[in-house]
Amino acid sequence: MSLKSLMKKTVYILGAGFSRQAGAPTQAEIIDYAFKLYEECPNNYNKEYFFKFKNFIEEQLNIPSNEFSNIDLEDIFTPLDRCTAERSQFRGVNLSHIMEVREAVVYVIGMTIQLLLNGSYDSKDYIDRFASYITSKCSVRAGLNYRLQDPVSIVSTNWDILLDNSIYETLRNNQGYNGVVDYCCYISAKNESDESVKSVKSGLEKLGQGGFNVKLLKLHGSLNWLQCPRCSRLYANFGYKEAINNYKNPTSCRHCDDNFPEHSGKHTLMANLIMPTYLKDLSNPQYRIIWQNAGIEISEASEIVFIGYSLPHADFELRQLLSRMTRKSARITVVDSRKVDEQDMVKAHWRKFFGSREIEFDFSGASAFVARLIREANDSIADAAEPTAL
């Protein structure tokens, strides 16, 4: 038996509920919040994009304004993505306009998340503490110990960058750390400054230098990512929602501009978030790498902890990945925030998927779970430090 197979490893799988206590919306709330925020202040949004978004819902989907709050994102993106894949029209709307509408919807969703998270930093303390805990656990991989130590990783279905930024700040503020946030794909720094290039690099490169990586696999993309349509490089920038900023100040891929000077400035970077749809396209080379690595992480886990993730049927790609790659011996914990009268339904949903495996349920929510996790870790350290009685 290999040393790696003897290691205990926890994989945290995060859903929208993980960030909700910090102000982030669930998918079901985004559309309703978008219209409310627009009514409060139309200048919150680019009006041209918002009009395309609203017009598609009203005119093409035939949904009246009093029903906007009940719209599922899947019902918006599925027809758009199906028409794009088949290169067909949607109720008389041609393909080029469909692509414009999709871009407008992505913009509105991203801007809505950004507006809701503005000023939420006082309520994200539990995310900062979780980031500190995870980073400390990963730090044992430094000094070329990564072959013997791999205690934890994070798989996230969220677009928001609250946890990304918290891990990044933890690494930057602790002088004893020599680590990076590792998105487990090929990533480049959006900016060419020394600080950016030092902070945004491959986890494998950092491990080879004797540092360590904090694995954060974002299955549906991230608001701080942009991608080149020519070379498929992903660019990241911590602290900035580039997927939204890029609408105002689009930039070109610097590598392709250098390699193809005759087309310099024409390699405009694009947001490339995977949206909630029943037709998710995972053919993008970067996402294929992320999903492959997520499968490996899950297969190595002795414990899987779901935080704020509801295991929806629309996420059949992740469901099949979990079904294929989860060990029979893996311990399963589900952390959620539910009322008492909802808990039996949630338990039945998870037990139906995982079958006879024993599942531990914690309905206290993400913040309370993180507090307990850290308290137990501190108690364990204190117990280990006590002298043994003679």
# chains A, B, ... in the order shown; residues from 1 in each chain; ligands from 1

call {"tool": "select_by_dssp", "arguments": {"residues": "region 75-225 of chain A", "states": "helix (DSSP H, G or I)", "output": "ChimeraX atom specification"}}
result
/A:75-86,95-117,121-123,125-141,162-173,194-199,203-208

call {"tool": "residues_around", "arguments": {"residues": "His313 (chain A)", "least_positions_apart": "4", "cutoff": "12 Å", "atoms": "only C-alpha atoms", "output": "count of residues only"}}
result
12

call {"tool": "closest_residue", "arguments": {"among": "A:Glu297, A:Asp128, A:Asp257, A:Glu262", "to": "Leu217 (chain A)", "atoms": "only C-alpha atoms"}}
result
A:Glu297

call {"tool": "select_by_dssp", "arguments": {"residues": "region 80-251 of chain A", "states": "strand (DSSP E)", "output": "list of chain:residue names"}}
result
A:Val152, A:Ser153, A:Ile154, A:Val155, A:Ser156, A:Gly179, A:Val180, A:Val181, A:Asp182, A:Ile187, A:Ser188, A:Ala189, A:Phe212, A:Asn213, A:Val214, A:Lys215, A:Leu216, A:Leu217, A:Lys218, A:Trp225, A:Leu226, A:Gln227, A:Leu234, A:Tyr235, A:Ala236

call {"tool": "write_last_selection", "arguments": {"atoms": "N, CA and C atoms", "output": "short mmCIF file (atom, residue, chain, number, x, y, z; two decimals), in the first residue's frame"}}
result
data_model
loop_
_atom_site.label_atom_id
_atom_site.label_comp_id
_atom_site.auth_asym_id
_atom_site.auth_seq_id
_atom_site.Cartn_x
_atom_site.Cartn_y
_atom_site.Cartn_z
N VAL A 152 -5.79 18.58 2.45
CA VAL A 152 -7.06 19.27 2.22
C VAL A 152 -7.08 19.93 0.85
N SER A 153 -8.27 20.03 0.28
CA SER A 153 -8.48 20.83 -0.93
C SER A 153 -9.93 21.31 -0.94
N ILE A 154 -10.21 22.27 -1.83
CA ILE A 154 -11.55 22.86 -1.91
C ILE A 154 -12.04 22.76 -3.34
N VAL A 155 -13.26 22.28 -3.51
CA VAL A 155 -13.94 22.28 -4.79
C VAL A 155 -15.15 23.21 -4.64
N SER A 156 -15.24 24.22 -5.49
CA SER A 156 -16.29 25.22 -5.35
C SER A 156 -17.12 25.33 -6.62
N GLY A 179 3.35 30.36 -0.35
CA GLY A 179 2.34 29.58 -1.05
C GLY A 179 1.55 30.40 -2.05
N VAL A 180 0.74 29.70 -2.83
CA VAL A 180 -0.13 30.35 -3.82
C VAL A 180 -1.50 29.70 -3.79
N VAL A 181 -2.49 30.47 -4.23
CA VAL A 181 -3.80 29.91 -4.52
C VAL A 181 -3.66 29.12 -5.82
N ASP A 182 -4.01 27.86 -5.78
CA ASP A 182 -3.83 26.98 -6.95
C ASP A 182 -5.19 26.61 -7.51
N ILE A 187 -2.80 29.03 -15.46
CA ILE A 187 -3.26 30.37 -15.09
C ILE A 187 -2.11 31.35 -15.24
N SER A 188 -2.44 32.59 -15.61
CA SER A 188 -1.44 33.66 -15.72
C SER A 188 -1.93 34.87 -14.97
N ALA A 189 -1.00 35.73 -14.58
CA ALA A 189 -1.36 36.97 -13.91
C ALA A 189 -1.93 37.95 -14.92
N PHE A 212 4.24 25.91 -1.20
CA PHE A 212 3.07 25.04 -1.12
C PHE A 212 1.90 25.67 -1.86
N ASN A 213 0.90 24.87 -2.17
CA ASN A 213 -0.27 25.34 -2.89
C ASN A 213 -1.52 25.10 -2.07
N VAL A 214 -2.48 26.02 -2.19
CA VAL A 214 -3.80 25.88 -1.58
C VAL A 214 -4.76 25.62 -2.73
N LYS A 215 -5.20 24.38 -2.86
CA LYS A 215 -5.98 23.99 -4.03
C LYS A 215 -7.44 24.47 -3.91
N LEU A 216 -7.85 25.29 -4.88
CA LEU A 216 -9.21 25.83 -4.96
C LEU A 216 -9.71 25.61 -6.38
N LEU A 217 -10.48 24.56 -6.58
CA LEU A 217 -10.94 24.18 -7.91
C LEU A 217 -12.35 24.73 -8.14
N LYS A 218 -12.45 25.72 -9.02
CA LYS A 218 -13.73 26.40 -9.25
C LYS A 218 -14.36 25.83 -10.52
N TRP A 225 -11.56 35.85 -13.25
CA TRP A 225 -10.89 35.22 -14.39
C TRP A 225 -11.32 35.86 -15.70
N LEU A 226 -10.39 35.90 -16.64
CA LEU A 226 -10.67 36.23 -18.03
C LEU A 226 -9.93 35.21 -18.90
N GLN A 227 -10.42 35.00 -20.11
CA GLN A 227 -9.79 34.01 -20.98
C GLN A 227 -9.57 34.57 -22.38
N LEU A 234 -5.96 31.39 -19.21
CA LEU A 234 -6.78 32.04 -18.19
C LEU A 234 -5.93 33.07 -17.46
N TYR A 235 -6.48 34.25 -17.27
CA TYR A 235 -5.83 35.31 -16.51
C TYR A 235 -6.61 35.55 -15.23
N ALA A 236 -5.90 35.71 -14.12
CA ALA A 236 -6.54 35.95 -12.83
C ALA A 236 -5.97 37.21 -12.19
#

call {"tool": "closest_atom_pairs", "arguments": {"of": "region 87-148 of chain A", "to": "region 51-72 of chain A", "cutoff": "7 Å", "atoms": "only C-alpha atoms", "output": "Markdown table"}}
result
| residue | atom | partner | partner_atom | distance |
| --- | --- | --- | --- | --- |
| A:Arg91 | CA | A:Gln60 | CA | 6.8 |
| A:Val101 | CA | A:Lys52 | CA | 5.9 |
| A:Ala104 | CA | A:Phe53 | CA | 5.7 |
| A:Val105 | CA | A:Phe53 | CA | 5.4 |

call {"tool": "write_last_selection", "arguments": {"atoms": "N, CA and C atoms", "output": "CSV table (one decimal), in the first residue's frame"}}
result
chain,number,residue,atom,x,y,z
A,91,ARG,N,-37.2,31.9,-31.5
A,91,ARG,CA,-38.4,32.7,-31.7
A,91,ARG,C,-38.1,34.0,-32.6
A,101,VAL,N,-27.4,38.7,-26.2
A,101,VAL,CA,-28.3,38.5,-25.0
A,101,VAL,C,-27.6,37.7,-23.9
A,104,ALA,N,-25.2,39.8,-22.1
A,104,ALA,CA,-25.9,40.8,-21.3
A,104,ALA,C,-26.4,40.1,-20.0
A,105,VAL,N,-26.9,38.9,-20.1
A,105,VAL,CA,-27.4,38.2,-18.9
A,105,VAL,C,-26.2,37.9,-18.0
